[in-house]
$ cat upload27.pdb   # PDB, C-alpha atoms, pLDDT in the B column
ATOM      1  CA  MET A   1       0.000   0.000   0.000  1.00 93.00           C
ATOM      2  CA  ASN A   2       1.118   3.517  -0.776  1.00 98.00           C
ATOM      3  CA  TYR A   3       0.175   6.780   0.888  1.00 98.00           C
ATOM      4  CA  TRP A   4      -0.684  10.130  -0.626  1.00 98.00           C
ATOM      5  CA  LEU A   5      -1.910  13.566   0.328  1.00 98.00           C
ATOM      6  CA  ILE A   6      -4.704  15.274  -1.592  1.00 98.00           C
ATOM      7  CA  LYS A   7      -5.651  18.918  -1.179  1.00 98.00           C
ATOM      8  CA  SER A   8      -8.953  20.679  -1.521  1.00 97.00           C
ATOM      9  CA  GLU A   9     -10.195  24.057  -0.434  1.00 96.00           C
ATOM     10  CA  PRO A  10     -12.899  23.410   2.155  1.00 96.00           C
ATOM     11  CA  ASN A  11     -15.290  25.848   0.461  1.00 95.00           C
ATOM     12  CA  THR A  12     -14.848  23.910  -2.822  1.00 95.00           C
ATOM     13  CA  TYR A  13     -15.046  20.320  -1.518  1.00 97.00           C
ATOM     14  CA  SER A  14     -14.537  19.737   2.183  1.00 97.00           C
ATOM     15  CA  PHE A  15     -13.789  16.456   3.921  1.00 98.00           C
ATOM     16  CA  GLU A  16     -17.181  16.816   5.601  1.00 97.00           C
ATOM     17  CA  GLN A  17     -18.755  16.795   2.132  1.00 98.00           C
ATOM     18  CA  LEU A  18     -16.802  13.640   1.230  1.00 98.00           C
ATOM     19  CA  LEU A  19     -18.085  12.015   4.429  1.00 98.00           C
ATOM     20  CA  LYS A  20     -21.664  12.865   3.340  1.00 98.00           C
ATOM     21  CA  ASP A  21     -21.089  11.720  -0.252  1.00 98.00           C
ATOM     22  CA  LYS A  22     -19.126   8.654   0.903  1.00 97.00           C
ATOM     23  CA  LYS A  23     -17.301   8.534  -2.465  1.00 98.00           C
ATOM     24  CA  THR A  24     -16.287  11.019  -5.157  1.00 98.00           C
ATOM     25  CA  CYS A  25     -14.373  11.416  -8.395  1.00 98.00           C
ATOM     26  CA  TRP A  26     -11.091  13.271  -7.736  1.00 98.00           C
ATOM     27  CA  ASP A  27     -10.780  15.275 -10.930  1.00 97.00           C
ATOM     28  CA  GLY A  28      -9.696  18.664 -12.201  1.00 96.00           C
ATOM     29  CA  VAL A  29      -5.982  18.184 -11.463  1.00 96.00           C
ATOM     30  CA  ARG A  30      -3.989  20.196 -14.010  1.00 96.00           C
ATOM     31  CA  ASN A  31      -0.403  19.873 -12.795  1.00 96.00           C
ATOM     32  CA  TYR A  32       1.805  17.222 -14.414  1.00 97.00           C
ATOM     33  CA  ALA A  33       3.527  16.115 -11.197  1.00 97.00           C
ATOM     34  CA  ALA A  34       0.176  15.827  -9.400  1.00 97.00           C
ATOM     35  CA  ARG A  35      -1.270  13.992 -12.425  1.00 97.00           C
ATOM     36  CA  ASN A  36       1.628  11.519 -12.330  1.00 98.00           C
ATOM     37  CA  ASN A  37       0.839  10.874  -8.667  1.00 98.00           C
ATOM     38  CA  LEU A  38      -2.810  10.201  -9.552  1.00 98.00           C
ATOM     39  CA  ARG A  39      -1.661   7.738 -12.219  1.00 98.00           C
ATOM     40  CA  ALA A  40       0.549   5.959  -9.660  1.00 98.00           C
ATOM     41  CA  MET A  41      -2.285   5.432  -7.161  1.00 98.00           C
ATOM     42  CA  GLN A  42      -3.540   1.899  -6.630  1.00 98.00           C
ATOM     43  CA  LYS A  43      -6.846   0.664  -5.261  1.00 98.00           C
ATOM     44  CA  GLY A  44      -6.561   0.554  -1.467  1.00 98.00           C
ATOM     45  CA  ASP A  45      -3.910   3.278  -1.197  1.00 98.00           C
ATOM     46  CA  GLN A  46      -4.660   5.642   1.667  1.00 98.00           C
ATOM     47  CA  LEU A  47      -4.915   9.411   1.384  1.00 98.00           C
ATOM     48  CA  LEU A  48      -4.411  12.210   3.862  1.00 98.00           C
ATOM     49  CA  TYR A  49      -7.081  14.835   3.153  1.00 98.00           C
ATOM     50  CA  TYR A  50      -5.713  18.368   3.483  1.00 98.00           C
ATOM     51  CA  HIS A  51      -7.793  21.545   3.604  1.00 98.00           C
ATOM     52  CA  SER A  52      -5.876  24.178   1.658  1.00 96.00           C
ATOM     53  CA  MET A  53      -6.235  27.967   1.559  1.00 91.00           C
ATOM     54  CA  GLU A  54      -8.520  27.905   4.603  1.00 90.00           C
ATOM     55  CA  GLY A  55      -7.605  25.871   7.670  1.00 92.00           C
ATOM     56  CA  LEU A  56      -4.271  24.605   6.309  1.00 96.00           C
ATOM     57  CA  GLU A  57      -4.600  21.256   8.042  1.00 98.00           C
ATOM     58  CA  ILE A  58      -4.947  17.542   7.473  1.00 98.00           C
ATOM     59  CA  VAL A  59      -8.455  16.644   8.577  1.00 98.00           C
ATOM     60  CA  GLY A  60      -9.193  13.104   7.434  1.00 98.00           C
ATOM     61  CA  ILE A  61      -8.233   9.868   5.758  1.00 98.00           C
ATOM     62  CA  ALA A  62      -9.630   8.587   2.471  1.00 98.00           C
ATOM     63  CA  GLU A  63      -8.906   5.606   0.243  1.00 98.00           C
ATOM     64  CA  VAL A  64      -8.512   5.073  -3.495  1.00 98.00           C
ATOM     65  CA  VAL A  65     -11.391   2.914  -4.749  1.00 98.00           C
ATOM     66  CA  LYS A  66     -10.852   3.272  -8.520  1.00 98.00           C
ATOM     67  CA  THR A  67      -7.514   3.849 -10.227  1.00 98.00           C
ATOM     68  CA  ALA A  68      -6.748   6.465 -12.865  1.00 98.00           C
ATOM     69  CA  TYR A  69      -9.174   6.963 -15.739  1.00 98.00           C
ATOM     70  CA  GLN A  70      -9.909   9.779 -18.199  1.00 98.00           C
ATOM     71  CA  ASP A  71     -10.828  12.967 -16.327  1.00 98.00           C
ATOM     72  CA  PRO A  72     -14.516  13.516 -17.142  1.00 97.00           C
ATOM     73  CA  LYS A  73     -14.025  17.293 -17.073  1.00 95.00           C
ATOM     74  CA  THR A  74     -11.877  17.276 -20.233  1.00 96.00           C
ATOM     75  CA  ASP A  75     -11.409  15.407 -23.496  1.00 96.00           C
ATOM     76  CA  ASP A  76      -7.635  15.898 -23.250  1.00 96.00           C
ATOM     77  CA  PRO A  77      -6.190  12.404 -22.678  1.00 95.00           C
ATOM     78  CA  ASN A  78      -3.328  13.860 -20.625  1.00 95.00           C
ATOM     79  CA  TRP A  79      -5.549  14.337 -17.572  1.00 98.00           C
ATOM     80  CA  VAL A  80      -6.874  11.648 -15.264  1.00 98.00           C
ATOM     81  CA  ALA A  81      -9.104  11.237 -12.239  1.00 98.00           C
ATOM     82  CA  VAL A  82      -9.389   8.624  -9.486  1.00 98.00           C
ATOM     83  CA  ASP A  83     -12.302   7.715  -7.252  1.00 98.00           C
ATOM     84  CA  VAL A  84     -11.860   8.070  -3.506  1.00 98.00           C
ATOM     85  CA  LYS A  85     -13.977   7.228  -0.488  1.00 98.00           C
ATOM     86  CA  ALA A  86     -13.920   8.691   2.987  1.00 98.00           C
ATOM     87  CA  LEU A  87     -12.529   6.459   5.738  1.00 98.00           C
ATOM     88  CA  LYS A  88     -12.500   8.630   8.839  1.00 97.00           C
ATOM     89  CA  LYS A  89     -12.154  12.099  10.211  1.00 98.00           C
ATOM     90  CA  LEU A  90      -9.032  12.641  12.312  1.00 98.00           C
ATOM     91  CA  LYS A  91      -9.644  13.118  16.049  1.00 97.00           C
ATOM     92  CA  GLN A  92      -7.624  16.337  15.896  1.00 97.00           C
ATOM     93  CA  PRO A  93      -6.681  18.156  12.665  1.00 98.00           C
ATOM     94  CA  VAL A  94      -2.941  18.311  12.047  1.00 98.00           C
ATOM     95  CA  THR A  95      -2.019  21.853  11.050  1.00 97.00           C
ATOM     96  CA  LEU A  96       0.612  22.818   8.529  1.00 97.00           C
ATOM     97  CA  ALA A  97       2.341  24.784  11.307  1.00 97.00           C
ATOM     98  CA  ALA A  98       2.577  21.634  13.472  1.00 97.00           C
ATOM     99  CA  ILE A  99       3.892  19.644  10.504  1.00 98.00           C
ATOM    100  CA  LYS A 100       6.577  22.263   9.833  1.00 97.00           C
ATOM    101  CA  GLU A 101       7.604  22.196  13.510  1.00 97.00           C
ATOM    102  CA  ASN A 102       8.166  18.425  13.434  1.00 97.00           C
ATOM    103  CA  LYS A 103      11.747  17.763  12.316  1.00 97.00           C
ATOM    104  CA  LYS A 104      10.814  14.232  11.217  1.00 98.00           C
ATOM    105  CA  LEU A 105       8.479  15.773   8.617  1.00 98.00           C
ATOM    106  CA  ALA A 106      10.966  18.287   7.183  1.00 97.00           C
ATOM    107  CA  GLU A 107      11.264  16.304   3.925  1.00 97.00           C
ATOM    108  CA  MET A 108       7.530  15.775   3.499  1.00 98.00           C
ATOM    109  CA  GLN A 109       6.410  16.916   0.048  1.00 97.00           C
ATOM    110  CA  LEU A 110       3.700  19.049   1.641  1.00 97.00           C
ATOM    111  CA  VAL A 111       6.505  21.093   3.199  1.00 96.00           C
ATOM    112  CA  ARG A 112       9.032  20.985   0.341  1.00 95.00           C
ATOM    113  CA  ILE A 113       6.684  21.281  -2.655  1.00 94.00           C
ATOM    114  CA  SER A 114       3.853  23.163  -1.010  1.00 90.00           C
ATOM    115  CA  ARG A 115       1.873  24.013  -4.159  1.00 91.00           C
ATOM    116  CA  LEU A 116       1.519  20.385  -5.293  1.00 95.00           C
ATOM    117  CA  SER A 117      -2.138  19.314  -4.946  1.00 96.00           C
ATOM    118  CA  VAL A 118      -1.477  15.558  -4.947  1.00 98.00           C
ATOM    119  CA  SER A 119       1.723  14.408  -3.290  1.00 98.00           C
ATOM    120  CA  ALA A 120       3.375  11.213  -2.121  1.00 98.00           C
ATOM    121  CA  VAL A 121       3.619  10.478   1.606  1.00 98.00           C
ATOM    122  CA  THR A 122       6.043   7.951   3.081  1.00 98.00           C
ATOM    123  CA  PRO A 123       4.711   5.275   5.447  1.00 98.00           C
ATOM    124  CA  GLU A 124       6.695   6.909   8.285  1.00 98.00           C
ATOM    125  CA  GLU A 125       5.204  10.352   7.530  1.00 98.00           C
ATOM    126  CA  PHE A 126       1.719   8.825   7.437  1.00 98.00           C
ATOM    127  CA  GLN A 127       2.195   7.197  10.862  1.00 98.00           C
ATOM    128  CA  ILE A 128       3.612  10.409  12.354  1.00 98.00           C
ATOM    129  CA  ILE A 129       0.593  12.378  11.095  1.00 98.00           C
ATOM    130  CA  LEU A 130      -1.779   9.793  12.585  1.00 98.00           C
ATOM    131  CA  ALA A 131       0.051   9.960  15.921  1.00 98.00           C
ATOM    132  CA  MET A 132      -0.076  13.773  15.884  1.00 98.00           C
ATOM    133  CA  SER A 133      -3.834  13.639  15.265  1.00 98.00           C
ATOM    134  CA  GLU A 134      -4.329  11.632  18.483  1.00 95.00           C
ATOM    135  CA  LYS A 135      -2.702  14.289  20.687  1.00 85.00           C
ATOM    136  CA  LYS A 136      -4.465  17.285  22.121  1.00 66.00           C
TER     137      LYS A 136
END

$ encode --input "upload27.pdb" --output "structure tokens"
Amino acid sequence: MNYWLIKSEPNTYSFEQLLKDKKTCWDGVRNYAARNNLRAMQKGDQLLYYHSMEGLEIVGIAEVVKTAYQDPKTDDPNWVAVDVKALKKLKQPVTLAAIKENKKLAEMQLVRISRLSVSAVTPEEFQIILAMSEKK
């Protein structure tokens, strides 16, 4: 299993909305590096759900339920989408500030390549984020 981080502005599509919908098509990605990450996703991979622009925090965990297919928002074959389902809301959101303060997360793509909307997460980073979400 691999781990990823996906970003969405909460006023565009919040994790709460994904929880209500249960599943959604993750489309509209128009960055080549992010697109390559979508293409690399496998069914069962887990996703950290990050609220960007507003909140700046990881708020939940989702899972890939359908691998890359033609993005329905465009006829351009260069762009793909995946289907994701909500797994659970984190007990405590993990803020970008807290992530940046943690030396073990200094190499996390969220920190190093901050504008990337779909990024890879190492298993260690994933476990650290989960542990941080359990603390008050």

$ closest_residue --input "upload27.pdb" --among "A:Leu96, A:Val118, A:Ile113, A:Leu90" --to "A:Glu134" --atoms "all atoms listed in the file"
A:Leu90

$ atom_distance --input "upload27.pdb" --atom1 "atom CA of A:Lys88" --atom2 "atom CA of A:Thr24"
14.7 Å

$ closest_residue --input "upload27.pdb" --among "A:Ile129, A:Ala120, A:Phe15, A:Lys23" --to "A:Leu38" --atoms "all atoms listed in the file"
A:Ala120

$ residues_around --input "upload27.pdb" --residues "A:Gln70" --least-positions-apart "6" --cutoff "12 Å" --atoms "all atoms listed in the file" --output "PDB file with C-alpha atoms, keeping the file's coordinate frame"
ATOM      1  CA  CYS A  25     -14.373  11.416  -8.395  1.00 98.00           C
ATOM      2  CA  TRP A  26     -11.091  13.271  -7.736  1.00 98.00           C
ATOM      3  CA  ASP A  27     -10.780  15.275 -10.930  1.00 97.00           C
ATOM      4  CA  GLY A  28      -9.696  18.664 -12.201  1.00 96.00           C
ATOM      5  CA  VAL A  29      -5.982  18.184 -11.463  1.00 96.00           C
ATOM      6  CA  ARG A  35      -1.270  13.992 -12.425  1.00 97.00           C
ATOM      7  CA  LEU A  38      -2.810  10.201  -9.552  1.00 98.00           C
ATOM      8  CA  ARG A  39      -1.661   7.738 -12.219  1.00 98.00           C
ATOM      9  CA  ASP A  76      -7.635  15.898 -23.250  1.00 96.00           C
ATOM     10  CA  PRO A  77      -6.190  12.404 -22.678  1.00 95.00           C
ATOM     11  CA  ASN A  78      -3.328  13.860 -20.625  1.00 95.00           C
ATOM     12  CA  TRP A  79      -5.549  14.337 -17.572  1.00 98.00           C
ATOM     13  CA  VAL A  80      -6.874  11.648 -15.264  1.00 98.00           C
ATOM     14  CA  ALA A  81      -9.104  11.237 -12.239  1.00 98.00           C
ATOM     15  CA  VAL A  82      -9.389   8.624  -9.486  1.00 98.00           C
ATOM     16  CA  ASP A  83     -12.302   7.715  -7.252  1.00 98.00           C
TER      17      ASP A  83
END

$ resolve_selection --input "upload27.pdb" --expression "the PyMOL selection byres ((chain A and resi 49) around 8)" --output "short mmCIF file (atom, residue, chain, number, x, y, z; two decimals) with C-alpha atoms, in the frame of the given file"
data_model
loop_
_atom_site.label_atom_id
_atom_site.label_comp_id
_atom_site.auth_asym_id
_atom_site.auth_seq_id
_atom_site.Cartn_x
_atom_site.Cartn_y
_atom_site.Cartn_z
CA LEU A 5 -1.91 13.57 0.33
CA ILE A 6 -4.70 15.27 -1.59
CA LYS A 7 -5.65 18.92 -1.18
CA SER A 8 -8.95 20.68 -1.52
CA PHE A 15 -13.79 16.46 3.92
CA LEU A 47 -4.92 9.41 1.38
CA LEU A 48 -4.41 12.21 3.86
CA TYR A 50 -5.71 18.37 3.48
CA HIS A 51 -7.79 21.54 3.60
CA ILE A 58 -4.95 17.54 7.47
CA VAL A 59 -8.46 16.64 8.58
CA GLY A 60 -9.19 13.10 7.43
CA ILE A 61 -8.23 9.87 5.76
CA ALA A 62 -9.63 8.59 2.47
#

$ atom_distance --input "upload27.pdb" --atom1 "atom CA of A:Glu16" --atom2 "atom CA of A:Lys89"
8.3 Å
